[in-house]
>>> print(open('query_24.cif').read())   # mmCIF, C-alpha atoms
data_query
loop_
_atom_site.label_atom_id
_atom_site.label_comp_id
_atom_site.auth_asym_id
_atom_site.auth_seq_id
_atom_site.Cartn_x
_atom_site.Cartn_y
_atom_site.Cartn_z
CA ILE A 93 5.57 -0.02 18.32
CA THR A 94 5.54 -0.46 22.06
CA ASN A 95 2.26 1.11 23.15
CA ALA A 96 -0.18 -1.24 21.40
CA ALA A 97 0.03 -4.21 23.73
CA ASP A 98 -2.96 -6.00 22.18
CA GLY A 99 -1.67 -5.65 18.63
CA LEU A 100 -2.16 -3.59 15.52
CA SER A 101 -4.76 -3.53 12.79
CA PRO A 102 -5.39 -4.19 9.89
CA TRP A 103 -4.93 -7.90 10.55
CA TYR A 104 -1.83 -9.90 9.66
CA GLY A 105 -1.19 -10.05 5.94
CA GLU A 106 -3.48 -7.14 5.03
CA PRO A 107 -1.72 -4.12 3.52
CA VAL A 108 -1.13 -1.10 5.70
CA THR A 109 -1.41 2.22 3.91
CA GLY A 110 0.23 5.59 4.49
CA PHE A 111 3.96 4.77 4.58
CA GLU A 112 6.81 6.38 2.67
CA ILE A 113 10.43 5.25 2.69
CA ALA A 114 13.74 6.87 1.66
CA GLY A 115 17.33 5.90 1.12
CA ALA A 116 20.44 7.99 1.76
CA ASP A 117 19.41 10.22 -1.17
CA LYS A 118 16.54 11.55 1.03
CA LYS A 119 13.96 10.95 -1.70
CA PHE A 120 10.76 9.57 -0.19
CA VAL A 121 8.62 7.22 -2.25
CA PRO A 122 5.34 5.49 -1.40
CA ALA A 123 6.01 2.20 0.40
CA GLN A 124 4.25 -1.07 0.98
CA ALA A 125 3.74 -2.24 4.54
CA ASN A 126 2.19 -5.08 6.47
CA ILE A 127 1.92 -6.22 10.04
CA SER A 128 4.53 -8.93 10.41
CA ALA A 129 4.19 -9.59 14.16
CA ASN A 130 1.91 -8.51 16.98
CA ASN A 131 3.52 -5.07 17.37
CA GLU A 132 5.75 -4.93 14.29
CA VAL A 133 5.26 -3.36 10.89
CA THR A 134 7.49 -4.24 7.95
CA VAL A 135 7.91 -1.43 5.40
CA TRP A 136 9.56 -1.71 1.97
CA SER A 137 9.72 -0.39 -1.56
CA ASP A 138 11.30 -1.95 -4.63
CA ASP A 139 12.54 1.56 -5.47
CA VAL A 140 14.63 1.87 -2.29
CA LYS A 141 17.29 -0.83 -1.98
CA GLU A 142 18.85 0.43 1.29
CA PRO A 143 16.22 2.30 3.35
CA VAL A 144 17.35 4.72 6.04
CA ALA A 145 14.12 6.57 6.92
CA VAL A 146 10.38 5.89 7.16
CA ARG A 147 7.43 8.23 7.46
CA TYR A 148 3.86 7.29 8.29
CA SER A 149 0.85 9.41 7.32
CA PHE A 150 3.23 12.35 7.19
CA ARG A 151 1.55 14.22 4.34
CA ASN A 152 -2.00 15.49 4.20
CA PHE A 153 -2.63 13.57 1.00
CA ARG A 154 -1.29 10.22 2.25
CA PRO A 155 -3.64 9.09 5.03
CA GLY A 156 -2.91 5.79 6.71
CA ASN A 157 -5.01 2.98 8.13
CA LEU A 158 -2.77 1.72 10.96
CA LYS A 159 -4.47 1.55 14.34
CA ASN A 160 -4.45 -0.43 17.55
CA MET A 161 -6.91 -3.24 18.19
CA TYR A 162 -9.34 -0.77 19.81
CA GLY A 163 -9.53 1.29 16.63
CA ILE A 164 -7.38 4.18 17.84
CA PRO A 165 -5.29 5.47 14.91
CA VAL A 166 -1.51 5.56 15.08
CA VAL A 167 -0.40 9.20 15.00
CA PRO A 168 1.73 10.37 12.07
CA PHE A 169 5.45 9.89 12.65
CA ARG A 170 8.82 9.93 10.98
CA THR A 171 12.20 8.39 11.77
CA ASP A 172 14.27 11.12 10.11
CA ASN A 173 15.08 14.67 11.16
CA TRP A 174 15.81 16.02 7.67
CA ASP A 175 14.67 19.62 7.47
CA ASP A 176 15.49 19.97 3.79
CA VAL A 177 13.21 17.17 2.55
CA MET A 178 9.61 17.37 1.44
#
>>> encode(input="query_24.cif", output="structure tokens")
Amino acid sequence: ITNAADGLSPWYGEPVTGFEIAGADKKFVPAQANISANNEVTVWSDDVKEPVAVRYSFRNFRPGNLKNMYGIPVVPFRTDNWDDVM
């Protein structure tokens, strides 16, 4: 994330909610995430051995808590362009 120069919140080591991750099978599962550096989030799931896509707060029922240090929420995003996936 390049537009949060002062860092992200929740603080280092606290879980970040709202992420999903998928492998090549395009099946998204809830993921764990934490802030691993000032502007870096690490996302993983034991159910996805080789992740290829991540979504954040992409569904109405999966709100996230990631924000910048001023309390402004990170907007929902996704790294895939799969039209056939829900």
>>> atom_distance(input="query_24.cif", atom1="CA of Arg154 in chain A", atom2="CA of Val167 in chain A")
12.8 Å
>>> atom_distance(input="query_24.cif", atom1="CA of Asn173 in chain A", atom2="CA of Leu100 in chain A")
25.5 Å
>>> resolve_selection(input="query_24.cif", expression="the PyMOL selection byres ((chain A and resi 174) around 12)", output="PyMOL selection string")
chain A and resi 114+116-120+144-147+170-173+175-178
>>> atom_distance(input="query_24.cif", atom1="CA of Gly110 in chain A", atom2="CA of Pro155 in chain A")
5.2 Å
>>> closest_residue(input="query_24.cif", among="A:Val133, A:Val140, A:Ala96, A:Ala125", to="Phe111 in chain A", atoms="all atoms listed in the file")
A:Ala125
>>> closest_residue(input="query_24.cif", among="A:Ile113, A:Ala97, A:Val135, A:Ile127", to="Leu158 in chain A", atoms="only C-alpha atoms")
A:Ile127
